[in-house]
Amino acid sequence: MRRMKVLLLCDNERLLSSYELLLEKSCEVVTCHLTRDDELINIEPFEVIIADFSNRSLLSKLSPLIEAPSDVLFILITPFLIQELTGALDLAQRANLLLTKPFEILKLLKFIENEIGKIQHKSMLERKYSYLIELVEHSPSRIAIFESSGRLFYANTNYLRANNLHNDSIDKVYFNDLPECNITFEEVQSSVSTLGSFEISKEKKGRWFNSHFYAISDEHIIHICEDITLVKERELELQKSAVIFENSAEGILLCDNKNRIISINNAFSMITGYTRDEVVGKSPKILKSGIHDRSFYENMWGNLIHNKRWKGEIWNKRKNGEIYPEWLSISKIESKRFEEEFYIAIFSDISTLKEADQKIHFYANHDSLTGLANRMQFEAQLANSIESCKRNSTKLAVIFIDLDKFKDVNDTYGHNTGDLMLVNISKRLKQSIRAEDLLARLGGDEFVIIAKDVKSYNDVKILAEKLKNTMKDPVVIDKNEFHMTLSMGIAIYPDHGTNSSELVKSADVAMYEVKYSGRANFKLFKDEMTKKVTDKFFIQNELRNALKNDEFVMFYQSVISVPDDKIVGAEALLRWNHPQKGLLSPNEFLGHIAEGSMEREIGYLIIQKVLHDLRAINQRIGHSPFRVSINISATHLFDAQFTYKLVTLCRDFQIQNDQIELEILETQIINNPFIAQEKFDELHALGFHIALDDFGTGYSSLNYLKSFKVDKLKIDQSFIRDMMHNEEDNAITLAVINLARIFKMKVQAEGVESEEIYRQIKHYSCDYSQGYHHSKPKPLHEFLELLR
């Protein structure tokens with residue numbers, strides 16, 4: 001306990017020593033011998049002053065003590081009675097204790113002890129009060145006291161700052177004036193009166209605050225407001241964790257350090273079939289499948305003990321007894337707070353992944369559409385088969401198969417029909433090969449067969465004939481019949497290659513030779529085929545460059561109206577202005593265009609060039625009717641965008657639709673008559689004219705002529721050129737002209753090269769004539785001169 005500071009004043013120096021001995025154990029004593037010549041020292045530091053004076057005249061020296069603070073204890077000891085202290089009466093009255101000599105020293109000590117105790121208790125209370133004031137004033141909470149009227153009585157610094165208040169004006173502030181509060185003082189009073197105390201929370205600008213109200217008397221209400229944002233955030237995190245735990249797609253279970261289940265989530269129950277009540281308190285061994293041996297679990301626990309985690313694939317058992325695979329991750333958690341160890345296990349049912357793995361493995365090696373082996377499996381099988389042939393000195397054959405005109409089917413009927421066709425044909429091919437052979441689909445309409453253990457080409461030829469015969473029956477899809485054929489190239493190990501790439505390349509070359517030779521057949525690879533295929537690929541590359549470099553030009557051959565001998569139109573004919581070879585006719589490159597899949601691109605280029613030239617022709621001839629015939633391939637005609645693009649181009653070049661005649665070979669539409677009929681109807685409705693080219697060389701079906709909306713039949717020049725010397729050609733020409741009359745079509749003779757032929761077709765009432773007799777094909781500028 002703190003020692004009190006005591007000042008001893010005395011006019012007898014010897015008594016000072018006695019007093020000091022009595023008090024020094026409990027007090028911090030300062031002595032002062034006061035004489036006539038001395039002045040009283042500063043008394044401010046002292047809490048107790050004891051004055052012992054026997055000389056009455058010296059009492060006046062103590063007069064400053066009259067004004068000493070009231071909390072300073074003053075004891076006056078004199079030999080005089082109080083009535084004898086007439087000159088120092090005020091001093092005597094100020095004394096807290098007046099002792100007249102002689103006196104009992106114990107009384108003095110007892111008084112001093114009691115008074116010092118009071119002083120120390122008061123000092124302790126003052127310190128507590130001071131600390132309390134500091135505590136409240138500097139508390140992080142906002143603290144205020146309101147009178148029963150609602151007026152602010154006290155507010156700490158944070159409360160003032162939060163409400164933008166100042167100490168000098170708080171007596172003018174009422175609770176209902178505070179903008180931060182969303183409750184009235186009357187509501188506060190009512191709640192406090194009913195509940196004794198109550199709390200409310202609110203959120204403002206992303207932070208949370210909690211207000212606590214209670215009464216300390218009937219006159220005052222305490223308001224304590226605290227920022228509880230961190231608490232709210234922790235609560236939110238806990239809520240999120242709980243939501244995640246319960247709604248996780250993975251099963252979760254918690255075990256204590258004795259490996260007893262203490263909690264599970266919903267996914268655990270969904271995966272295993274066990275409810276919470278059925279597993280809490282039990283060991284996870286209830287899930288044990290019996291598949292894994294003891295060493296598996298020893299390894300698991302070893303990792304958990306030393307590495308605090310384990311993860312891997314495990315087979316467990318559901319409540320219904322079903323065994324299933326899961327991916328399991330276990331972690332050991334050491335909680336310092338609870339001084340315990342926990343284990344958390346998170347697992348996923350990977351049954352579907354296992355099934356997916358099997359599917360992935362299948363589709364990694366098989367074609368997803370047909371289920372046949374894919375390119376990767378084919379290459380692996382071919383490499384293995386070649387190694388086997390090397391070891392056993394045997395042979396194998398690679399048959400490269402391409403489905404003829406499949407692209408036309410895809411473009412005309414759509415990819416769904418194309419896919420159904422591929423599935424149908426793959427089944428036919430599969431049924432034609434032996435069990436030990438491999439059939440693979442490389443992509444698109446390309447198939448390949450590995451025929452193992454062949455003795456000679458004759459063995460492969462028999463298989464190829466069998467494959468060819470599978471296509472005799474039409475493929476029927478959605479009531480549509482398709483007569484499809486195969487082009488097949490054959491290469492034999494080791495005759496045509498000693499490794500996979502050489503064999504496939506040789507078979508591919510042989511297949512292309514079949515393509516160039518008319519399709520629908522098979523051929524065995526020969527060395528000279530390589531050069532032919534290479535040359536054809538070279539020409540196709542030249543054609544692509546010709547497209548880029550605008551090397552194609554249009555020539556025009558006049559069409560004559562036979563009854564009045566006038567030029568009424570022309571046929572547009574393509575020429576290739578080759579940079580080295582000069583001007584090339586269509587016979588030298590058209591076949592390569594079809595094989596190189598450039599028909600559409602070049603077809604649209606021809607239309608643009610013709611429309612451009614026709615605008616110049618229209619300017620030359622004025623308003624006279626003039627029609628230009630454009631040759632269109634079936635591939636181009638059956639393009640889904642053909643009609644739209646044709647109409648758009650005519651509009652862009654300001655050409656009337658009825659000035660365009662579209663020529664298509666009779667043989668090209670016979671395989672897709674229904675699509676052709678729809679196209680013809682559509683084009684006719686828009687004003688375009690349709691002509692069947694080379695009529696008489698194909699099927700010449702009367703039924704199709706009856707159904708198709710065709711404006712003109714063009715008699716093939718093979719009949720016209722020899723009609724004057726060949727009775728059959730002459731008869732055919734007359735028959736076609738009469739046939740056109742029956743179906744109300746116009747008819748045009750091609751290849752008219754003499755006046756004699758011209759007179760003859762005129763005699764037969766042929767409508768139009770075209771040939772060298774009238775003019776050769778000419779470039780635009782020469783044709784314009786001819787028109788003049």
# chains A, B, ... in the order shown; residues from 1 in each chain; ligands from 1
$ closest_atom_pairs --of "region 627-694 of chain A" --to "region 386-410 of chain A" --cutoff "12 Å" --atoms "only C-alpha atoms" --output "Markdown table"
| residue | atom | partner | partner_atom | distance |
| --- | --- | --- | --- | --- |
| A:Ser633 | CA | A:Asp408 | CA | 10.7 |
| A:Ala634 | CA | A:Asp408 | CA | 8.0 |
| A:Thr635 | CA | A:Asp408 | CA | 5.9 |
| A:His636 | CA | A:Asp408 | CA | 9.2 |
| A:Leu637 | CA | A:Asp408 | CA | 10.2 |
| A:Phe638 | CA | A:Asp408 | CA | 7.7 |
| A:Asp639 | CA | A:Asp408 | CA | 8.7 |
| A:Ala640 | CA | A:Asn410 | CA | 10.6 |
| A:Gln668 | CA | A:Asp408 | CA | 10.6 |
| A:Ile669 | CA | A:Asp408 | CA | 10.9 |
| A:Asn671 | CA | A:Val409 | CA | 9.9 |
| A:Asn672 | CA | A:Val409 | CA | 8.8 |
| A:Ile675 | CA | A:Val409 | CA | 10.5 |
$ write_last_selection --atoms "N, CA, C and O atoms" --output "JSON list (two decimals), in the first residue's frame"
[["chain", "number", "residue", "atom", "x", "y", "z"],
["A", 633, "SER", "N", -22.71, -27.88, -113.13],
["A", 633, "SER", "CA", -22.57, -29.27, -112.71],
["A", 633, "SER", "C", -23.65, -29.60, -111.68],
["A", 633, "SER", "O", -24.21, -28.70, -111.02],
["A", 634, "ALA", "N", -23.93, -30.87, -111.52],
["A", 634, "ALA", "CA", -24.93, -31.29, -110.53],
["A", 634, "ALA", "C", -24.48, -30.88, -109.13],
["A", 634, "ALA", "O", -25.29, -30.46, -108.29],
["A", 635, "THR", "N", -23.18, -31.01, -108.87],
["A", 635, "THR", "CA", -22.65, -30.62, -107.55],
["A", 635, "THR", "C", -22.96, -29.16, -107.26],
["A", 635, "THR", "O", -23.35, -28.80, -106.16],
["A", 636, "HIS", "N", -22.78, -28.33, -108.27],
["A", 636, "HIS", "CA", -23.05, -26.91, -108.12],
["A", 636, "HIS", "C", -24.54, -26.64, -107.98],
["A", 636, "HIS", "O", -24.98, -25.87, -107.12],
["A", 637, "LEU", "N", -25.34, -27.27, -108.83],
["A", 637, "LEU", "CA", -26.78, -27.06, -108.81],
["A", 637, "LEU", "C", -27.39, -27.45, -107.47],
["A", 637, "LEU", "O", -28.27, -26.77, -106.95],
["A", 638, "PHE", "N", -26.92, -28.57, -106.91],
["A", 638, "PHE", "CA", -27.51, -29.09, -105.69],
["A", 638, "PHE", "C", -26.96, -28.42, -104.43],
["A", 638, "PHE", "O", -27.34, -28.77, -103.32],
["A", 639, "ASP", "N", -26.07, -27.46, -104.58],
["A", 639, "ASP", "CA", -25.59, -26.68, -103.44],
["A", 639, "ASP", "C", -26.77, -25.94, -102.81],
["A", 639, "ASP", "O", -27.56, -25.31, -103.51],
["A", 640, "ALA", "N", -26.90, -26.02, -101.50],
["A", 640, "ALA", "CA", -28.05, -25.43, -100.80],
["A", 640, "ALA", "C", -28.14, -23.93, -101.04],
["A", 640, "ALA", "O", -29.24, -23.35, -101.02],
["A", 668, "GLN", "N", -26.29, -36.27, -115.16],
["A", 668, "GLN", "CA", -25.92, -35.83, -113.81],
["A", 668, "GLN", "C", -27.09, -35.72, -112.86],
["A", 668, "GLN", "O", -26.91, -35.73, -111.65],
["A", 669, "ILE", "N", -28.28, -35.61, -113.38],
["A", 669, "ILE", "CA", -29.44, -35.43, -112.49],
["A", 669, "ILE", "C", -30.21, -36.72, -112.28],
["A", 669, "ILE", "O", -31.09, -36.79, -111.42],
["A", 671, "ASN", "N", -29.42, -39.46, -110.94],
["A", 671, "ASN", "CA", -29.24, -40.12, -109.65],
["A", 671, "ASN", "C", -30.00, -39.41, -108.53],
["A", 671, "ASN", "O", -30.20, -39.99, -107.47],
["A", 672, "ASN", "N", -30.35, -38.15, -108.73],
["A", 672, "ASN", "CA", -31.08, -37.39, -107.72],
["A", 672, "ASN", "C", -32.27, -36.68, -108.35],
["A", 672, "ASN", "O", -32.37, -35.46, -108.33],
["A", 675, "ILE", "N", -34.55, -34.26, -106.03],
["A", 675, "ILE", "CA", -33.90, -32.99, -105.68],
["A", 675, "ILE", "C", -33.82, -32.11, -106.92],
["A", 675, "ILE", "O", -34.06, -30.90, -106.87]]
$ atom_distance --atom1 "CA of Leu543 (chain A)" --atom2 "CA of Asn631 (chain A)"
18.4 Å
$ residues_around --residues "Ser148 (chain A)" --least-positions-apart "6" --cutoff "9 Å" --atoms "only C-alpha atoms" --output "list in words"
Gln189, Asp218, Glu219, His220 and Ile221 of chain A
$ write_last_selection --atoms "all heavy atoms" --output "PDB file, in the first residue's frame"
ATOM      1  N   GLN A 189     -37.276   3.326 -24.829  1.00  0.00           N
ATOM      2  CA  GLN A 189     -37.803   3.341 -23.464  1.00  0.00           C
ATOM      3  C   GLN A 189     -38.800   2.208 -23.236  1.00  0.00           C
ATOM      4  O   GLN A 189     -38.777   1.538 -22.193  1.00  0.00           O
ATOM      5  CB  GLN A 189     -38.481   4.691 -23.190  1.00  0.00           C
ATOM      6  CG  GLN A 189     -37.500   5.835 -22.956  1.00  0.00           C
ATOM      7  CD  GLN A 189     -38.208   7.149 -22.706  1.00  0.00           C
ATOM      8  OE1 GLN A 189     -39.101   7.528 -23.464  1.00  0.00           O
ATOM      9  NE2 GLN A 189     -37.814   7.846 -21.638  1.00  0.00           N
ATOM     10  N   ASP A 218     -34.088   5.174 -13.068  1.00  0.00           N
ATOM     11  CA  ASP A 218     -35.303   5.595 -13.763  1.00  0.00           C
ATOM     12  C   ASP A 218     -35.068   6.828 -14.618  1.00  0.00           C
ATOM     13  O   ASP A 218     -35.916   7.220 -15.414  1.00  0.00           O
ATOM     14  CB  ASP A 218     -36.416   5.883 -12.740  1.00  0.00           C
ATOM     15  CG  ASP A 218     -36.867   4.614 -12.032  1.00  0.00           C
ATOM     16  OD1 ASP A 218     -36.656   3.522 -12.617  1.00  0.00           O
ATOM     17  OD2 ASP A 218     -37.414   4.709 -10.921  1.00  0.00           O
ATOM     18  N   GLU A 219     -33.903   7.441 -14.444  1.00  0.00           N
ATOM     19  CA  GLU A 219     -33.659   8.712 -15.105  1.00  0.00           C
ATOM     20  C   GLU A 219     -32.705   8.597 -16.299  1.00  0.00           C
ATOM     21  O   GLU A 219     -32.624   9.522 -17.101  1.00  0.00           O
ATOM     22  CB  GLU A 219     -33.081   9.716 -14.102  1.00  0.00           C
ATOM     23  CG  GLU A 219     -34.043  10.027 -12.950  1.00  0.00           C
ATOM     24  CD  GLU A 219     -33.430  11.019 -11.976  1.00  0.00           C
ATOM     25  OE1 GLU A 219     -32.251  11.383 -12.184  1.00  0.00           O
ATOM     26  OE2 GLU A 219     -34.117  11.431 -11.038  1.00  0.00           O
ATOM     27  N   HIS A 220     -31.945   7.539 -16.399  1.00  0.00           N
ATOM     28  CA  HIS A 220     -30.926   7.468 -17.457  1.00  0.00           C
ATOM     29  C   HIS A 220     -30.955   6.115 -18.180  1.00  0.00           C
ATOM     30  O   HIS A 220     -31.197   5.087 -17.551  1.00  0.00           O
ATOM     31  CB  HIS A 220     -29.528   7.698 -16.874  1.00  0.00           C
ATOM     32  CG  HIS A 220     -29.336   9.065 -16.318  1.00  0.00           C
ATOM     33  ND1 HIS A 220     -29.576   9.365 -14.979  1.00  0.00           N
ATOM     34  CD2 HIS A 220     -28.952  10.229 -16.919  1.00  0.00           C
ATOM     35  CE1 HIS A 220     -29.333  10.641 -14.775  1.00  0.00           C
ATOM     36  NE2 HIS A 220     -28.957  11.195 -15.941  1.00  0.00           N
ATOM     37  N   ILE A 221     -30.691   6.190 -19.497  1.00  0.00           N
ATOM     38  CA  ILE A 221     -30.595   4.979 -20.336  1.00  0.00           C
ATOM     39  C   ILE A 221     -29.227   4.968 -21.001  1.00  0.00           C
ATOM     40  O   ILE A 221     -28.788   5.983 -21.575  1.00  0.00           O
ATOM     41  CB  ILE A 221     -31.713   4.943 -21.383  1.00  0.00           C
ATOM     42  CG1 ILE A 221     -33.058   4.676 -20.697  1.00  0.00           C
ATOM     43  CG2 ILE A 221     -31.435   3.868 -22.445  1.00  0.00           C
ATOM     44  CD1 ILE A 221     -34.231   4.665 -21.649  1.00  0.00           C
TER      45      ILE A 221
END
$ select_by_dssp --residues "region 291-320 of chain A" --states "alpha helix (DSSP H)" --output "PyMOL selection string"
chain A and resi 294-307
$ write_last_selection --atoms "all heavy atoms" --output "tab-separated table (two decimals), in the first residue's frame"
chain	number	residue	atom	x	y	z
A	294	ARG	N	-4.73	-56.14	-46.59
A	294	ARG	CA	-4.26	-55.44	-45.40
A	294	ARG	C	-3.17	-54.42	-45.72
A	294	ARG	O	-3.14	-53.32	-45.16
A	294	ARG	CB	-3.73	-56.47	-44.39
A	294	ARG	CG	-3.27	-55.87	-43.08
A	294	ARG	CD	-2.86	-56.97	-42.12
A	294	ARG	NE	-2.40	-56.42	-40.87
A	294	ARG	CZ	-2.00	-57.16	-39.82
A	294	ARG	NH1	-2.05	-58.50	-39.93
A	294	ARG	NH2	-1.60	-56.59	-38.73
A	295	SER	N	-2.31	-54.74	-46.64
A	295	SER	CA	-1.20	-53.85	-46.98
A	295	SER	C	-1.71	-52.53	-47.56
A	295	SER	O	-1.08	-51.47	-47.39
A	295	SER	CB	-0.26	-54.52	-47.98
A	295	SER	OG	-0.93	-54.79	-49.20
A	296	PHE	N	-2.85	-52.56	-48.25
A	296	PHE	CA	-3.43	-51.34	-48.81
A	296	PHE	C	-3.76	-50.35	-47.70
A	296	PHE	O	-3.42	-49.17	-47.77
A	296	PHE	CB	-4.69	-51.70	-49.61
A	296	PHE	CG	-5.44	-50.50	-50.15
A	296	PHE	CD1	-5.10	-49.97	-51.39
A	296	PHE	CD2	-6.48	-49.92	-49.43
A	296	PHE	CE1	-5.78	-48.86	-51.89
A	296	PHE	CE2	-7.16	-48.82	-49.93
A	296	PHE	CZ	-6.80	-48.30	-51.17
A	297	TYR	N	-4.43	-50.87	-46.63
A	297	TYR	CA	-4.82	-49.99	-45.54
A	297	TYR	C	-3.62	-49.59	-44.69
A	297	TYR	O	-3.58	-48.47	-44.14
A	297	TYR	CB	-5.90	-50.66	-44.68
A	297	TYR	CG	-7.19	-50.84	-45.43
A	297	TYR	CD1	-7.54	-52.09	-45.96
A	297	TYR	CD2	-8.06	-49.78	-45.63
A	297	TYR	CE1	-8.73	-52.26	-46.66
A	297	TYR	CE2	-9.25	-49.94	-46.34
A	297	TYR	CZ	-9.57	-51.18	-46.84
A	297	TYR	OH	-10.74	-51.33	-47.55
A	298	GLU	N	-2.63	-50.46	-44.56
A	298	GLU	CA	-1.41	-50.10	-43.83
A	298	GLU	C	-0.69	-48.95	-44.53
A	298	GLU	O	-0.18	-48.03	-43.87
A	298	GLU	CB	-0.49	-51.31	-43.71
A	298	GLU	CG	-1.00	-52.35	-42.72
A	298	GLU	CD	-0.10	-53.59	-42.68
A	298	GLU	OE1	0.79	-53.71	-43.56
A	298	GLU	OE2	-0.29	-54.42	-41.78
A	299	ASN	N	-0.64	-48.98	-45.85
A	299	ASN	CA	-0.04	-47.90	-46.61
A	299	ASN	C	-0.82	-46.60	-46.43
A	299	ASN	O	-0.24	-45.52	-46.28
A	299	ASN	CB	0.02	-48.28	-48.09
A	299	ASN	CG	0.49	-47.14	-48.96
A	299	ASN	OD1	1.63	-46.69	-48.85
A	299	ASN	ND2	-0.37	-46.66	-49.83
A	300	MET	N	-2.16	-46.71	-46.42
A	300	MET	CA	-3.00	-45.54	-46.23
A	300	MET	C	-2.72	-44.89	-44.88
A	300	MET	O	-2.47	-43.68	-44.79
A	300	MET	CB	-4.49	-45.93	-46.33
A	300	MET	CG	-5.45	-44.77	-46.05
A	300	MET	SD	-7.16	-45.35	-45.83
A	300	MET	CE	-7.54	-45.87	-47.48
A	301	TRP	N	-2.74	-45.68	-43.80
A	301	TRP	CA	-2.53	-45.13	-42.46
A	301	TRP	C	-1.09	-44.65	-42.26
A	301	TRP	O	-0.85	-43.68	-41.54
A	301	TRP	CB	-2.92	-46.15	-41.40
A	301	TRP	CG	-4.41	-46.19	-41.21
A	301	TRP	CD1	-5.27	-47.12	-41.68
A	301	TRP	CD2	-5.19	-45.22	-40.52
A	301	TRP	NE1	-6.56	-46.80	-41.34
A	301	TRP	CE2	-6.54	-45.64	-40.61
A	301	TRP	CE3	-4.90	-44.05	-39.81
A	301	TRP	CZ2	-7.58	-44.92	-40.04
A	301	TRP	CZ3	-5.94	-43.33	-39.25
A	301	TRP	CH2	-7.27	-43.77	-39.37
A	302	GLY	N	-0.17	-45.31	-42.93
A	302	GLY	CA	1.22	-44.85	-42.86
A	302	GLY	C	1.35	-43.44	-43.42
A	302	GLY	O	2.04	-42.58	-42.84
A	303	ASN	N	0.71	-43.19	-44.54
A	303	ASN	CA	0.74	-41.85	-45.12
A	303	ASN	C	0.04	-40.83	-44.24
A	303	ASN	O	0.50	-39.69	-44.11
A	303	ASN	CB	0.08	-41.87	-46.51
A	303	ASN	CG	1.04	-42.24	-47.61
A	303	ASN	OD1	1.80	-41.41	-48.09
A	303	ASN	ND2	1.02	-43.51	-47.99
A	304	LEU	N	-1.07	-41.23	-43.61
A	304	LEU	CA	-1.80	-40.30	-42.75
A	304	LEU	C	-0.97	-39.93	-41.52
A	304	LEU	O	-0.96	-38.78	-41.08
A	304	LEU	CB	-3.13	-40.93	-42.30
A	304	LEU	CG	-4.26	-40.91	-43.34
A	304	LEU	CD1	-5.44	-41.72	-42.84
A	304	LEU	CD2	-4.69	-39.48	-43.63
A	305	ILE	N	-0.25	-40.92	-40.97
A	305	ILE	CA	0.55	-40.66	-39.76
A	305	ILE	C	1.76	-39.78	-40.08
A	305	ILE	O	2.05	-38.82	-39.37
A	305	ILE	CB	0.99	-41.99	-39.12
A	305	ILE	CG1	-0.25	-42.73	-38.56
A	305	ILE	CG2	2.02	-41.75	-38.03
A	305	ILE	CD1	0.02	-44.15	-38.14
A	306	HIS	N	2.46	-40.10	-41.17
A	306	HIS	CA	3.71	-39.39	-41.46
A	306	HIS	C	3.52	-38.16	-42.35
A	306	HIS	O	4.24	-37.17	-42.19
A	306	HIS	CB	4.70	-40.35	-42.14
A	306	HIS	CG	5.11	-41.49	-41.25
A	306	HIS	ND1	4.60	-42.77	-41.41
A	306	HIS	CD2	5.96	-41.55	-40.20
A	306	HIS	CE1	5.12	-43.56	-40.50
A	306	HIS	NE2	5.96	-42.85	-39.75
A	307	ASN	N	2.58	-38.21	-43.26
A	307	ASN	CA	2.39	-37.09	-44.19
A	307	ASN	C	1.10	-36.31	-43.93
A	307	ASN	O	0.83	-35.31	-44.60
A	307	ASN	CB	2.37	-37.59	-45.64
A	307	ASN	CG	3.65	-38.32	-46.00
A	307	ASN	OD1	4.73	-37.94	-45.57
A	307	ASN	ND2	3.52	-39.38	-46.79
$ residues_around --residues "region 316-322 of chain A" --least-positions-apart "3" --cutoff "9 Å" --atoms "only C-alpha atoms" --output "PyMOL selection string"
chain A and resi 271-274+286-291+325-326
$ write_last_selection --atoms "all heavy atoms" --output "short mmCIF file (atom, residue, chain, number, x, y, z; two decimals), in the first residue's frame"
data_model
loop_
_atom_site.label_atom_id
_atom_site.label_comp_id
_atom_site.auth_asym_id
_atom_site.auth_seq_id
_atom_site.Cartn_x
_atom_site.Cartn_y
_atom_site.Cartn_z
N ILE A 271 -24.50 -41.03 -51.71
CA ILE A 271 -23.57 -41.96 -52.35
C ILE A 271 -23.60 -43.33 -51.69
O ILE A 271 -23.65 -44.36 -52.37
CB ILE A 271 -22.14 -41.38 -52.34
CG1 ILE A 271 -22.07 -40.12 -53.21
CG2 ILE A 271 -21.13 -42.42 -52.84
CD1 ILE A 271 -20.76 -39.36 -53.10
N THR A 272 -23.59 -43.34 -50.35
CA THR A 272 -23.47 -44.63 -49.63
C THR A 272 -24.81 -45.25 -49.28
O THR A 272 -24.90 -46.46 -49.07
CB THR A 272 -22.67 -44.44 -48.33
OG1 THR A 272 -23.43 -43.62 -47.42
CG2 THR A 272 -21.32 -43.78 -48.62
N GLY A 273 -25.87 -44.42 -49.16
CA GLY A 273 -27.17 -44.93 -48.75
C GLY A 273 -27.39 -44.91 -47.25
O GLY A 273 -28.48 -45.18 -46.77
N TYR A 274 -26.34 -44.57 -46.48
CA TYR A 274 -26.46 -44.50 -45.02
C TYR A 274 -26.94 -43.13 -44.58
O TYR A 274 -26.50 -42.10 -45.11
CB TYR A 274 -25.11 -44.78 -44.35
CG TYR A 274 -24.67 -46.22 -44.41
CD1 TYR A 274 -23.70 -46.62 -45.32
CD2 TYR A 274 -25.19 -47.16 -43.53
CE1 TYR A 274 -23.27 -47.94 -45.38
CE2 TYR A 274 -24.78 -48.49 -43.58
CZ TYR A 274 -23.82 -48.88 -44.50
OH TYR A 274 -23.40 -50.19 -44.56
N ILE A 286 -17.50 -49.67 -41.84
CA ILE A 286 -18.79 -50.17 -42.34
C ILE A 286 -18.88 -50.05 -43.86
O ILE A 286 -19.72 -50.68 -44.48
CB ILE A 286 -19.97 -49.42 -41.68
CG1 ILE A 286 -19.91 -47.93 -42.00
CG2 ILE A 286 -20.00 -49.64 -40.18
CD1 ILE A 286 -21.13 -47.15 -41.55
N LEU A 287 -17.99 -49.21 -44.45
CA LEU A 287 -17.99 -49.03 -45.90
C LEU A 287 -17.04 -49.98 -46.60
O LEU A 287 -16.97 -50.00 -47.83
CB LEU A 287 -17.61 -47.58 -46.25
CG LEU A 287 -18.47 -46.47 -45.63
CD1 LEU A 287 -17.84 -45.10 -45.92
CD2 LEU A 287 -19.89 -46.51 -46.18
N LYS A 288 -16.29 -50.75 -45.85
CA LYS A 288 -15.23 -51.59 -46.41
C LYS A 288 -15.80 -52.62 -47.39
O LYS A 288 -16.77 -53.31 -47.09
CB LYS A 288 -14.50 -52.29 -45.27
CG LYS A 288 -13.18 -52.90 -45.65
CD LYS A 288 -12.47 -53.40 -44.39
CE LYS A 288 -11.14 -54.02 -44.72
NZ LYS A 288 -10.44 -54.52 -43.50
N SER A 289 -15.19 -52.71 -48.57
CA SER A 289 -15.70 -53.60 -49.62
C SER A 289 -15.13 -55.01 -49.53
O SER A 289 -15.71 -55.95 -50.06
CB SER A 289 -15.38 -53.01 -50.99
OG SER A 289 -13.97 -53.00 -51.20
N GLY A 290 -13.97 -55.14 -48.93
CA GLY A 290 -13.31 -56.45 -48.88
C GLY A 290 -12.41 -56.70 -50.07
O GLY A 290 -11.75 -57.75 -50.14
N ILE A 291 -12.33 -55.74 -51.00
CA ILE A 291 -11.49 -55.93 -52.19
C ILE A 291 -10.01 -55.72 -51.87
O ILE A 291 -9.14 -56.43 -52.36
CB ILE A 291 -11.96 -54.98 -53.31
CG1 ILE A 291 -13.30 -55.46 -53.87
CG2 ILE A 291 -10.92 -54.87 -54.43
CD1 ILE A 291 -13.85 -54.57 -54.96
N PRO A 325 -16.51 -47.78 -57.14
CA PRO A 325 -15.21 -47.12 -57.03
C PRO A 325 -15.39 -45.66 -56.60
O PRO A 325 -16.35 -45.01 -56.98
CB PRO A 325 -14.67 -47.19 -58.46
CG PRO A 325 -15.89 -47.15 -59.31
CD PRO A 325 -16.98 -47.85 -58.54
N GLU A 326 -14.47 -45.17 -55.80
CA GLU A 326 -14.50 -43.76 -55.42
C GLU A 326 -13.10 -43.20 -55.38
O GLU A 326 -12.12 -43.94 -55.18
CB GLU A 326 -15.20 -43.55 -54.08
CG GLU A 326 -14.45 -44.11 -52.88
CD GLU A 326 -15.18 -43.88 -51.56
OE1 GLU A 326 -16.42 -43.92 -51.55
OE2 GLU A 326 -14.50 -43.67 -50.53
#
$ select_by_dssp --residues "region 563-661 of chain A" --states "strand (DSSP E or B)" --output "PyMOL selection string"
chain A and resi 566-578+582-584+627-631+660-661
$ atom_distance --atom1 "CA of His612 (chain A)" --atom2 "CA of Asp716 (chain A)"
28.3 Å
$ residues_around --residues "Lys468 (chain A)" --least-positions-apart "4" --cutoff "12 Å" --atoms "only C-alpha atoms" --output "ChimeraX atom specification"
/A:401-404,425,428-429,432,461-464,472-473,484-488,519-523
